[in-house]
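**Q** What follows is my_file-v3.txt; its format and atoms are compact mmCIF, C-alpha atoms.
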```txt
# COMPACT_ATOMS: atom_id res chain seq x y z
CA MET A 167 212.29 -28.43 48.90
CA THR A 168 210.46 -25.34 47.67
CA GLU A 169 211.72 -22.13 46.08
CA LYS A 170 211.09 -20.26 49.34
CA GLU A 171 213.78 -22.26 51.11
CA PHE A 172 216.36 -20.57 48.88
CA ILE A 173 215.34 -17.07 50.02
CA PRO A 174 217.98 -16.13 52.63
CA SER A 175 217.48 -14.58 56.03
CA PRO A 176 219.04 -11.13 56.51
CA TYR A 177 222.83 -11.35 56.26
CA LYS A 178 224.78 -10.75 59.47
CA ILE A 179 228.15 -10.03 57.88
CA ASP A 180 229.17 -7.05 55.77
CA ILE A 181 231.79 -7.55 53.04
CA PRO A 182 233.07 -4.45 51.22
CA SER A 183 234.77 -6.21 48.30
CA GLY A 184 236.24 -9.45 47.09
CA LYS A 185 237.09 -11.75 44.22
CA THR A 186 236.26 -15.38 43.44
CA THR A 187 236.90 -17.78 40.56
CA TYR A 188 235.16 -21.01 39.57
CA LYS A 189 235.65 -23.49 36.76
CA SER A 190 232.46 -25.23 35.66
CA PRO A 191 232.06 -27.86 32.93
CA SER A 192 229.60 -28.42 30.15
CA ASN A 193 227.56 -31.64 30.16
CA ILE A 194 225.97 -33.96 27.64
CA ALA A 195 222.48 -35.29 28.31
CA LEU A 196 221.79 -39.00 27.81
CA VAL A 197 218.06 -38.59 28.49
CA LYS A 198 217.16 -35.25 26.95
CA TYR A 199 215.42 -32.26 28.50
CA TRP A 200 213.13 -30.70 25.90
CA GLY A 201 210.13 -28.68 26.96
CA LYS A 202 209.77 -26.49 30.02
CA LYS A 203 207.20 -24.82 32.22
CA THR A 204 207.29 -21.42 33.93
CA ASN A 205 210.53 -20.52 35.75
CA GLN A 206 212.67 -23.05 33.92
CA ILE A 207 210.85 -26.06 35.38
CA PRO A 208 211.53 -29.08 33.14
CA ALA A 209 208.62 -30.87 31.47
CA ASN A 210 210.52 -34.15 31.86
CA PRO A 211 213.51 -35.43 33.85
CA SER A 212 216.96 -35.70 32.28
CA ILE A 213 220.36 -37.19 33.10
CA SER A 214 223.79 -36.26 31.81
CA PHE A 215 227.48 -37.05 31.84
CA THR A 216 229.48 -34.15 33.25
CA LEU A 217 232.36 -33.33 30.91
CA ASN A 218 235.89 -32.51 31.97
CA GLU A 219 237.68 -30.53 29.27
CA CYS A 220 234.87 -28.35 27.88
CA ALA A 221 234.53 -25.82 30.67
CA THR A 222 234.12 -22.14 31.52
CA VAL A 223 236.31 -20.28 34.01
CA THR A 224 234.63 -17.23 35.51
CA THR A 225 236.16 -14.67 37.85
CA LEU A 226 233.78 -12.39 39.70
CA THR A 227 235.22 -9.23 41.28
CA TYR A 228 232.80 -7.29 43.46
CA SER A 229 232.82 -4.02 45.37
CA LYS A 230 230.08 -2.58 47.54
CA LEU A 231 228.23 0.49 46.27
CA LYS A 232 227.72 3.53 48.51
CA LYS A 233 223.98 2.92 48.29
CA GLU A 234 221.75 0.23 46.80
CA SER A 235 221.40 0.59 43.05
CA LYS A 236 218.03 0.62 41.26
CA ALA A 237 219.53 -1.40 38.42
CA PHE A 238 222.14 -4.16 38.42
CA SER A 239 225.65 -2.77 38.15
CA PHE A 240 228.05 -5.01 36.21
CA GLU A 241 230.46 -5.31 33.31
CA VAL A 242 231.29 -8.52 31.48
CA SER A 243 234.27 -9.55 29.41
CA LEU A 244 235.18 -12.65 27.39
CA ASP A 245 238.86 -13.53 27.08
CA GLY A 246 239.82 -10.08 28.31
CA LYS A 247 237.58 -8.10 25.94
CA LYS A 248 234.41 -6.28 26.99
CA GLU A 249 231.40 -8.20 25.70
CA GLU A 250 228.32 -5.98 25.55
CA GLY A 251 226.39 -8.73 23.78
CA PHE A 252 226.38 -10.86 26.94
CA LYS A 253 224.85 -8.16 29.14
CA PRO A 254 221.14 -8.62 28.30
CA LYS A 255 221.23 -12.33 29.17
CA ILE A 256 223.08 -11.71 32.42
CA ASN A 257 220.73 -8.88 33.32
CA THR A 258 217.77 -11.22 32.77
CA PHE A 259 219.49 -13.82 34.93
CA PHE A 260 220.06 -11.28 37.72
CA LYS A 261 216.37 -10.32 37.59
CA ARG A 262 215.36 -13.96 37.97
CA VAL A 263 217.66 -14.68 40.91
CA TYR A 264 217.42 -11.33 42.73
CA GLU A 265 214.76 -12.67 45.10
CA TYR A 266 217.21 -15.40 46.18
CA LEU A 267 220.34 -13.19 46.17
CA PRO A 268 219.19 -9.84 47.59
CA PHE A 269 222.77 -8.54 47.78
CA LEU A 270 222.93 -8.19 43.98
CA LYS A 271 221.94 -4.49 43.94
CA ASN A 272 224.39 -3.64 46.69
CA TYR A 273 227.51 -4.37 44.63
CA HIS A 274 229.19 -3.58 41.34
CA PHE A 275 230.42 -6.73 39.60
CA GLU A 276 233.18 -7.30 37.07
CA ILE A 277 232.54 -10.63 35.35
CA GLU A 278 235.53 -12.06 33.50
CA THR A 279 234.92 -15.31 31.65
CA SER A 280 236.73 -17.62 29.25
CA ASN A 281 235.95 -20.97 27.67
CA SER A 282 238.33 -23.86 27.14
CA PHE A 283 236.64 -24.38 23.77
CA PRO A 284 236.36 -21.77 21.00
CA HIS A 285 233.37 -19.48 21.61
CA SER A 286 232.34 -19.87 17.97
CA SER A 287 232.68 -23.66 18.01
CA GLY A 288 228.96 -24.37 18.13
CA ILE A 289 229.30 -25.95 21.59
CA ALA A 290 226.67 -24.49 23.89
CA SER A 291 228.43 -22.48 26.59
CA SER A 292 225.27 -21.61 28.54
CA ALA A 293 225.50 -24.66 30.85
CA SER A 294 229.13 -24.09 31.81
CA GLY A 295 228.87 -20.29 31.76
CA MET A 296 225.73 -19.92 33.86
CA SER A 297 226.79 -22.56 36.36
CA ALA A 298 230.20 -20.90 36.81
CA LEU A 299 228.54 -17.53 37.43
CA ALA A 300 226.02 -19.07 39.84
CA LEU A 301 228.87 -20.67 41.81
CA CYS A 302 230.73 -17.36 42.08
CA LEU A 303 227.56 -15.67 43.37
CA MET A 304 227.01 -18.49 45.85
CA ASN A 305 230.56 -18.07 47.11
CA ILE A 306 229.72 -14.44 47.92
CA GLU A 307 226.57 -15.53 49.74
CA LYS A 308 228.53 -18.13 51.70
CA SER A 309 230.85 -15.32 52.83
CA LEU A 310 227.77 -13.40 53.99
CA ASN A 311 226.37 -16.55 55.62
CA PRO A 312 229.31 -18.73 56.78
CA ASP A 313 227.02 -21.31 58.41
CA MET A 314 225.83 -22.58 55.01
CA THR A 315 226.36 -26.33 54.47
CA VAL A 316 228.14 -27.75 51.42
CA GLU A 317 224.99 -29.65 50.44
CA PHE A 318 222.85 -26.51 50.53
CA PHE A 319 225.54 -24.54 48.67
CA ASN A 320 225.52 -27.05 45.79
CA GLN A 321 221.72 -27.32 45.70
CA LYS A 322 221.26 -23.57 45.57
CA ALA A 323 224.04 -23.14 42.99
CA SER A 324 222.23 -25.65 40.76
CA PHE A 325 218.90 -23.94 41.48
CA LEU A 326 220.30 -20.54 40.47
CA ALA A 327 222.14 -21.89 37.41
CA ARG A 328 218.87 -23.44 36.23
CA LEU A 329 217.28 -19.98 36.15
CA GLY A 330 219.98 -18.91 33.71
CA SER A 331 220.00 -22.05 31.57
CA GLY A 332 218.10 -25.24 32.31
CA SER A 333 220.95 -27.61 31.46
CA ALA A 334 223.28 -25.57 33.72
CA ALA A 335 221.52 -27.22 36.67
CA ARG A 336 223.45 -30.38 35.73
CA SER A 337 226.94 -28.80 35.75
CA ILE A 338 227.60 -28.33 39.46
CA LYS A 339 228.71 -31.65 40.96
CA GLY A 340 228.92 -35.28 40.02
CA SER A 341 230.04 -37.31 37.03
CA LEU A 342 226.44 -38.37 36.41
CA VAL A 343 223.77 -35.78 37.25
CA GLN A 344 220.00 -36.15 37.21
CA TRP A 345 217.57 -33.23 37.08
CA GLY A 346 213.77 -33.31 37.23
CA GLU A 347 211.35 -35.20 39.43
CA HIS A 348 211.30 -38.94 38.77
CA ALA A 349 209.53 -41.52 40.92
CA GLY A 350 212.45 -43.96 40.84
CA ILE A 351 215.13 -41.52 42.01
CA LYS A 352 214.99 -40.44 45.63
CA GLY A 353 215.74 -36.76 46.15
CA SER A 354 215.18 -35.85 42.51
CA SER A 355 213.81 -32.35 42.03
CA ASN A 356 212.61 -29.99 39.33
CA LEU A 357 214.44 -27.20 41.16
CA PHE A 358 218.04 -28.48 40.99
CA GLY A 359 220.21 -31.32 39.76
CA ILE A 360 221.50 -34.08 42.03
CA GLU A 361 224.35 -36.55 41.81
CA TYR A 362 222.84 -39.78 40.52
CA PRO A 363 222.24 -41.75 43.75
CA HIS A 364 222.16 -45.34 42.47
CA LYS A 365 224.94 -47.81 41.70
CA VAL A 366 227.16 -46.88 38.75
CA HIS A 367 229.43 -49.47 37.09
CA PRO A 368 233.15 -48.50 36.89
CA VAL A 369 233.02 -48.48 33.05
CA PHE A 370 231.11 -45.17 33.23
CA GLN A 371 233.56 -43.37 35.52
CA ASN A 372 235.94 -42.38 32.72
CA TYR A 373 233.65 -42.64 29.70
CA CYS A 374 234.86 -40.75 26.63
CA ASP A 375 233.07 -38.12 24.54
CA THR A 376 234.57 -36.74 21.35
CA ILE A 377 232.64 -33.72 20.09
CA LEU A 378 232.63 -33.46 16.30
CA LEU A 379 232.24 -29.82 15.25
CA VAL A 380 230.03 -30.25 12.20
CA ASP A 381 228.63 -26.74 12.13
CA LYS A 382 230.12 -23.87 14.12
CA GLY A 383 227.52 -21.34 13.07
CA GLN A 384 224.78 -19.86 15.23
CA LYS A 385 221.74 -22.10 15.64
CA GLN A 386 218.83 -21.20 13.37
CA VAL A 387 216.39 -21.67 16.27
CA SER A 388 217.16 -20.78 19.90
CA SER A 389 216.71 -23.40 22.59
CA THR A 390 214.13 -21.17 24.29
CA VAL A 391 211.97 -21.11 21.16
CA GLY A 392 212.43 -24.86 20.71
CA HIS A 393 211.37 -25.62 24.28
CA ASP A 394 208.32 -23.39 23.93
CA LEU A 395 207.16 -25.29 20.83
CA MET A 396 206.60 -28.35 23.05
CA HIS A 397 203.59 -26.66 24.70
CA ASN A 398 201.21 -27.55 21.87
CA HIS A 399 203.22 -30.38 20.36
CA PRO A 400 201.06 -33.33 19.20
CA PHE A 401 203.53 -35.86 20.61
CA ALA A 402 204.55 -34.01 23.79
CA GLU A 403 202.90 -36.28 26.34
CA GLN A 404 204.27 -39.43 24.71
CA ARG A 405 207.74 -37.87 24.68
CA PHE A 406 207.61 -36.91 28.35
CA ALA A 407 206.48 -40.45 29.26
CA GLN A 408 209.30 -41.89 27.14
CA ALA A 409 211.89 -39.84 29.07
CA HIS A 410 210.61 -41.22 32.39
CA GLU A 411 210.66 -44.76 30.98
CA ASN A 412 214.20 -44.43 29.65
CA LEU A 413 215.44 -42.99 32.93
CA SER A 414 213.98 -46.04 34.71
CA LYS A 415 215.65 -48.40 32.23
CA LEU A 416 219.01 -46.74 32.81
CA GLU A 417 219.10 -47.80 36.47
CA SER A 418 219.96 -51.40 35.57
CA VAL A 419 222.19 -50.23 32.69
CA PHE A 420 224.29 -48.03 34.96
CA ALA A 421 224.49 -50.72 37.65
CA SER A 422 225.53 -53.56 35.33
CA GLY A 423 227.57 -51.73 32.71
CA ASP A 424 225.26 -52.99 29.94
CA LEU A 425 226.68 -50.95 27.06
CA LYS A 426 224.43 -52.43 24.36
CA SER A 427 221.35 -51.23 26.22
CA LEU A 428 223.01 -47.87 26.88
CA ILE A 429 223.58 -47.42 23.14
CA SER A 430 219.96 -48.22 22.34
CA ILE A 431 218.60 -45.71 24.86
CA VAL A 432 221.09 -42.91 24.16
CA GLU A 433 220.78 -42.99 20.38
CA SER A 434 216.99 -43.25 20.55
CA GLU A 435 216.91 -40.23 22.87
CA ALA A 436 219.06 -38.19 20.48
CA LEU A 437 216.90 -39.01 17.46
CA THR A 438 213.69 -38.41 19.41
CA LEU A 439 214.93 -34.93 20.38
CA HIS A 440 215.36 -34.06 16.72
CA ALA A 441 212.08 -35.77 15.79
CA MET A 442 210.32 -33.40 18.20
CA MET A 443 211.90 -30.45 16.41
CA MET A 444 210.93 -31.77 13.00
CA THR A 445 207.29 -32.28 14.05
CA SER A 446 206.82 -28.93 15.81
CA LEU A 447 204.86 -26.07 14.28
CA PRO A 448 206.83 -24.27 13.02
CA TYR A 449 209.11 -27.22 12.30
CA PHE A 450 212.87 -27.08 11.87
CA ILE A 451 215.85 -29.32 11.11
CA LEU A 452 219.11 -28.68 12.95
CA MET A 453 220.99 -31.71 11.65
CA LYS A 454 223.20 -31.12 8.62
CA PRO A 455 224.04 -33.60 5.82
CA ASN A 456 227.38 -34.30 7.52
CA THR A 457 225.56 -35.11 10.78
CA LEU A 458 223.78 -37.94 8.99
CA GLU A 459 226.98 -39.09 7.26
CA ILE A 460 228.67 -39.37 10.66
CA ILE A 461 225.76 -41.30 12.19
CA ASN A 462 225.80 -43.83 9.36
CA LYS A 463 229.58 -44.17 9.62
CA ILE A 464 229.29 -44.83 13.37
CA TRP A 465 226.66 -47.49 12.83
CA ALA A 466 228.78 -49.26 10.19
CA PHE A 467 231.95 -49.06 12.30
CA ARG A 468 230.20 -50.38 15.40
CA GLU A 469 228.93 -53.37 13.44
CA SER A 470 232.31 -54.18 11.87
CA SER A 471 234.54 -53.46 14.90
CA LYS A 472 232.23 -54.82 17.62
CA THR A 473 233.12 -51.79 19.71
CA HIS A 474 230.54 -49.94 21.84
CA VAL A 475 230.83 -46.56 20.14
CA CYS A 476 227.59 -44.59 19.83
CA PHE A 477 226.40 -41.05 19.22
CA THR A 478 224.21 -38.48 20.83
CA LEU A 479 223.15 -35.00 19.73
CA ASP A 480 222.22 -31.74 21.38
CA ALA A 481 219.86 -29.27 19.72
CA GLY A 482 222.28 -28.68 16.87
CA ALA A 483 224.33 -30.34 14.14
CA ASN A 484 227.38 -31.35 16.20
CA VAL A 485 227.80 -35.01 17.11
CA HIS A 486 228.96 -36.34 20.48
CA VAL A 487 230.72 -39.68 19.99
CA LEU A 488 230.51 -41.73 23.20
CA TYR A 489 232.68 -44.76 23.93
CA PRO A 490 234.31 -46.58 26.89
CA ASP A 491 237.88 -45.73 27.82
CA ASN A 492 239.13 -49.26 27.08
CA GLU A 493 238.15 -48.79 23.40
CA LYS A 494 239.63 -45.29 23.16
CA GLU A 495 242.59 -46.11 20.91
CA GLU A 496 240.53 -47.91 18.26
CA VAL A 497 237.65 -45.43 18.28
CA GLN A 498 239.87 -42.34 18.15
CA ARG A 499 241.74 -43.81 15.20
CA PHE A 500 238.36 -44.26 13.48
CA ILE A 501 237.47 -40.64 14.29
CA ASN A 502 240.75 -39.38 12.83
CA ASP A 503 240.59 -41.58 9.75
CA GLU A 504 236.89 -41.47 8.87
CA LEU A 505 234.93 -38.83 10.77
CA ALA A 506 237.19 -35.76 10.91
CA VAL A 507 236.56 -35.12 7.22
CA TYR A 508 232.90 -34.35 8.02
CA CYS A 509 233.82 -31.72 10.63
CA GLN A 510 234.12 -28.03 9.84
CA ASN A 511 237.84 -27.42 9.24
CA GLY A 512 238.40 -30.99 10.49
CA GLN A 513 237.87 -29.85 14.08
CA PHE A 514 236.83 -32.03 17.01
CA ILE A 515 237.43 -32.06 20.77
CA HIS A 516 238.33 -35.14 22.82
CA ASP A 517 236.70 -35.05 26.24
CA PHE A 518 235.76 -37.46 29.02
CA VAL A 519 233.54 -37.69 32.08
CA GLY A 520 234.66 -35.39 34.90
CA LYS A 521 233.58 -34.72 38.47
CA GLY A 522 231.96 -31.31 38.18
CA SER A 523 232.84 -27.76 39.05
CA GLN A 524 235.76 -26.62 41.16
CA LYS A 525 236.74 -23.50 43.05
CA ILE A 526 239.91 -21.95 41.65
CA ASN A 527 240.21 -18.97 43.96
```
The structure given in the file should be rewritten as structure tokens.
**A**
Amino acid sequence: MTEKEFIPSPYKIDIPSGKTTYKSPSNIALVKYWGKKTNQIPANPSISFTLNECATVTTLTYSKLKKESKAFSFEVSLDGKKEEGFKPKINTFFKRVYEYLPFLKNYHFEIETSNSFPHSSGIASSASGMSALALCLMNIEKSLNPDMTVEFFNQKASFLARLGSGSAARSIKGSLVQWGEHAGIKGSSNLFGIEYPHKVHPVFQNYCDTILLVDKGQKQVSSTVGHDLMHNHPFAEQRFAQAHENLSKLESVFASGDLKSLISIVESEALTLHAMMMTSLPYFILMKPNTLEIINKIWAFRESSKTHVCFTLDAGANVHVLYPDNEKEEVQRFINDELAVYCQNGQFIHDFVGKGSQKIN
């Protein structure tokens, strides 16, 4: 598909007002997306587990204006309080998607959003937040164009979410979502995420992810700046090739349930992501001392317990502890007894693989 296929024909239905609510989850990448081209096109493919508990619920109330506005008309609130700080990012998002949602200047929007996790937790809310907003907007467009198929709805929602936050493309549908063109995955696209189409062993259907909140402060470097630093990175091409290679390796891992190989790939991907940051110009380190303490504790525990616990990292200090459901009791006891002490205020969130977004209203 091309971007032009997401530009709608003139709408045949007129809707004066309405209200819609979607819940959309965060996700955790196993093969990392780091580096992008113009219009949020990824420099390499990625794949992620869709989470279940860490999610954003967004309600979009809309009413038609008497005449088309020159600017986008909207207000936004978080947990019932007006949030002026969110408006510039949403305005930028609206500018990017206006070509694909030409009704945007015909309505006033009230955007009410809330996260199931604390906003100041250090967990990136852009994936869940932007995907939830994109789904609400798509629900309006489906009302204006009732003939839209479910497949197209999900593709375009992912396409729009990507223009707000790249990783949001992976938060629409599916427990395992792949985004970015890859020769071994039929239907893969740089424009939107797809449900992973190959065989997936049952062990991955309810995989667990405990998020250790090591540092709840604002990141010292934004993801946008970090992605941009890949343009002239000395190791960029090798990194992009590595992502393709790891995605190919995961096909047999997912099919067979080979957890030892999964651990090797996932931990290598996490450390490579941070190695790219540390070798950029300017360079930066987002891991904290407690991040490293946790990683070493996980390695020692895995060796002694013979469990299949492993870690991955996003572009920050927090640690995602991944483990199969049948080892949950032992691993969560280890987290409580040995890892919680390294978390800010002892905080962590137990989560597990979910099935994607859902319409609430």
**Q** In terms of the shortest atom-to-atom distance over only C-alpha atoms, which of A:Arg328, A:Ser190, A:Phe358, A:Phe252 is closest to Asn281 in chain A?
**A**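 Looking only at the distances to Asn281 in chain A, the closest residue turns out to be A:Ser190.
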**Q** Find the residues near His397 in chain A: any atom within 12 Å, counting all atoms listed in the file, skip ones fewer than 6 places away on the same chain, and give them as a list in words.
**A** Trp200, Gly201, Lys202, Lys203, Thr204, Pro208, Ala209, Thr390, Val391, Glu403, Arg405, Phe406, Met442, Ser446 and Leu447 of chain A
**Q** What residues have an atom no more than 12 Å from (224.4, -11.0, 57.9) in the file's own frame, counting only C-alpha atoms, and can you write them as a ChimeraX atom specification?
**A** /A:174-181,268-269,306-313
**Q** A:Lys463, A:Lys247, A:Lys385, A:Lys189: which is nearest Phe500 in chain A, counting all atoms listed in the file?
**A** A:Lys463
**Q** So how many Å separate CA of Leu452 in chain A and CA of Asn502 in chain A, to one decimal?
**A**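 It comes out at 24.1 Å.
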**Q** Do you know which residues lie at most 8 Å from (233.1, -30.4, 40.1), with coordinates as in the file and all atoms listed in the file counted, and could you write them as an mmCIF file with C-alpha atoms, in the frame of the given file?
**A**
```
data_model
loop_
_atom_site.group_PDB
_atom_site.id
_atom_site.type_symbol
_atom_site.label_atom_id
_atom_site.label_comp_id
_atom_site.auth_asym_id
_atom_site.auth_seq_id
_atom_site.Cartn_x
_atom_site.Cartn_y
_atom_site.Cartn_z
ATOM 1 C CA SER A 190 232.460 -25.230 35.660
ATOM 2 C CA PRO A 191 232.060 -27.860 32.930
ATOM 3 C CA SER A 337 226.940 -28.800 35.750
ATOM 4 C CA ILE A 338 227.600 -28.330 39.460
ATOM 5 C CA LYS A 339 228.710 -31.650 40.960
ATOM 6 C CA GLY A 340 228.920 -35.280 40.020
ATOM 7 C CA GLY A 520 234.660 -35.390 34.900
ATOM 8 C CA LYS A 521 233.580 -34.720 38.470
ATOM 9 C CA GLY A 522 231.960 -31.310 38.180
ATOM 10 C CA SER A 523 232.840 -27.760 39.050
ATOM 11 C CA GLN A 524 235.760 -26.620 41.160
#
```
**Q** Quick one: residues within 7 Å of range 224-233 of chain A, only C-alpha atoms, excluding same-chain residues fewer than 5 positions away - as JSON, numbers by chain?
**A** {"A": [182, 183, 184, 185, 186, 187, 188, 189, 272, 273, 274, 275, 276, 277, 278, 279, 280, 298, 299, 302]}
**Q** Range 411-425 of chain A: which residues within 7 Å, counting only C-alpha atoms, same-chain residues fewer than 6 positions away excluded, as a list in words?
**A**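 Listing them by chain and then by number gives Val197, Gly350, Lys365, Val366, His367, Val369, Ile431 and His474 of chain A.
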**Q** Pull the closest atom pair for each residue of range 439-514 of chain A that gets at most 12 Å from range 215-220 of chain A, along with the distance in Å to one decimal, counting only C-alpha atoms, ordering rows by chain and then ascending residue number, as CSV.
**A**
```
residue,atom,partner,partner_atom,distance
A:Thr478,CA,A:Phe215,CA,11.6
A:His486,CA,A:Leu217,CA,11.4
A:Leu488,CA,A:Phe215,CA,10.3
A:Phe514,CA,A:Cys220,CA,11.6
```
**Q** Using C-alpha atoms, can you export the residues from the last selection as an mmCIF file, keeping the file's coordinate frame?
**A**
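And here is the file that came out, out18.cif:
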```cif
data_model
loop_
_atom_site.group_PDB
_atom_site.id
_atom_site.type_symbol
_atom_site.label_atom_id
_atom_site.label_comp_id
_atom_site.auth_asym_id
_atom_site.auth_seq_id
_atom_site.Cartn_x
_atom_site.Cartn_y
_atom_site.Cartn_z
ATOM 1 C CA THR A 478 224.210 -38.480 20.830
ATOM 2 C CA HIS A 486 228.960 -36.340 20.480
ATOM 3 C CA LEU A 488 230.510 -41.730 23.200
ATOM 4 C CA PHE A 514 236.830 -32.030 17.010
#
```
**Q** Between A:Ala195, A:Gly295, A:Met304, A:Glu361, which is the closest to Tyr266 in chain A once you count all atoms listed in the file?
**A**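 Smallest distance to Tyr266 in chain A is found for A:Met304.
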**Q** Given only C-alpha atoms as the basis, pick out the residue of A:Asn210, A:Gly482, A:Tyr362, A:Gly383 nearest to His440 in chain A.
**A** A:Gly482
**Q** How many Å separate CA of Thr258 in chain A from CA of Val387 in chain A?
**A**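 Computed distance, CA of Thr258 in chain A to CA of Val387 in chain A, equals 19.6 Å.
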**Q** Would it be fine to have range 492-499 of chain A, with all heavy atoms, given as a tab-separated table (two decimals), in the first residue's frame?
**A**
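decode-v4.tsv, freshly written:
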```tsv
chain	number	residue	atom	x	y	z
A	492	ASN	N	4.41	-19.89	33.27
A	492	ASN	CA	4.59	-21.05	34.16
A	492	ASN	C	5.73	-20.88	35.16
A	492	ASN	O	5.93	-21.72	36.03
A	492	ASN	CB	4.75	-22.34	33.36
A	492	ASN	CG	5.99	-22.35	32.47
A	492	ASN	OD1	6.76	-21.40	32.47
A	492	ASN	ND2	6.17	-23.43	31.72
A	493	GLU	N	6.50	-19.79	35.04
A	493	GLU	CA	7.56	-19.49	36.00
A	493	GLU	C	7.23	-18.24	36.83
A	493	GLU	O	8.07	-17.72	37.56
A	493	GLU	CB	8.89	-19.31	35.27
A	493	GLU	CG	9.38	-20.56	34.56
A	493	GLU	CD	10.65	-20.35	33.74
A	493	GLU	OE1	11.13	-19.20	33.68
A	493	GLU	OE2	11.15	-21.32	33.16
A	494	LYS	N	5.98	-17.79	36.70
A	494	LYS	CA	5.57	-16.51	37.29
A	494	LYS	C	5.79	-16.46	38.80
A	494	LYS	O	6.33	-15.49	39.32
A	494	LYS	CB	4.10	-16.24	36.96
A	494	LYS	CG	3.56	-14.94	37.55
A	494	LYS	CD	2.24	-14.54	36.92
A	494	LYS	CE	1.13	-15.50	37.27
A	494	LYS	NZ	-0.18	-15.01	36.75
A	495	GLU	N	5.38	-17.50	39.51
A	495	GLU	CA	5.46	-17.48	40.97
A	495	GLU	C	6.90	-17.30	41.45
A	495	GLU	O	7.20	-16.46	42.31
A	495	GLU	CB	4.86	-18.77	41.55
A	495	GLU	CG	4.76	-18.76	43.06
A	495	GLU	CD	4.06	-20.01	43.60
A	495	GLU	OE1	3.34	-20.68	42.84
A	495	GLU	OE2	4.27	-20.31	44.80
A	496	GLU	N	7.81	-18.09	40.88
A	496	GLU	CA	9.21	-18.03	41.30
A	496	GLU	C	9.86	-16.70	40.92
A	496	GLU	O	10.58	-16.09	41.72
A	496	GLU	CB	9.99	-19.20	40.67
A	496	GLU	CG	11.43	-19.29	41.15
A	496	GLU	CD	12.14	-20.54	40.64
A	496	GLU	OE1	11.55	-21.28	39.82
A	496	GLU	OE2	13.29	-20.75	41.05
A	497	VAL	N	9.59	-16.23	39.70
A	497	VAL	CA	10.22	-15.00	39.24
A	497	VAL	C	9.67	-13.79	40.01
A	497	VAL	O	10.43	-12.88	40.40
A	497	VAL	CB	10.03	-14.81	37.72
A	497	VAL	CG1	10.53	-13.44	37.28
A	497	VAL	CG2	10.76	-15.91	36.96
A	498	GLN	N	8.37	-13.76	40.26
A	498	GLN	CA	7.81	-12.62	40.98
A	498	GLN	C	8.27	-12.58	42.44
A	498	GLN	O	8.42	-11.50	43.01
A	498	GLN	CB	6.28	-12.62	40.87
A	498	GLN	CG	5.81	-12.30	39.46
A	498	GLN	CD	4.31	-12.07	39.34
A	498	GLN	OE1	3.57	-12.22	40.30
A	498	GLN	NE2	3.87	-11.70	38.14
A	499	ARG	N	8.53	-13.74	43.01
A	499	ARG	CA	9.11	-13.76	44.35
A	499	ARG	C	10.52	-13.16	44.33
A	499	ARG	O	10.90	-12.38	45.21
A	499	ARG	CB	9.15	-15.21	44.88
A	499	ARG	CG	9.61	-15.31	46.34
A	499	ARG	CD	9.26	-16.65	46.95
A	499	ARG	NE	9.81	-17.75	46.19
A	499	ARG	CZ	9.08	-18.66	45.53
A	499	ARG	NH1	7.75	-18.57	45.55
A	499	ARG	NH2	9.65	-19.64	44.87
```
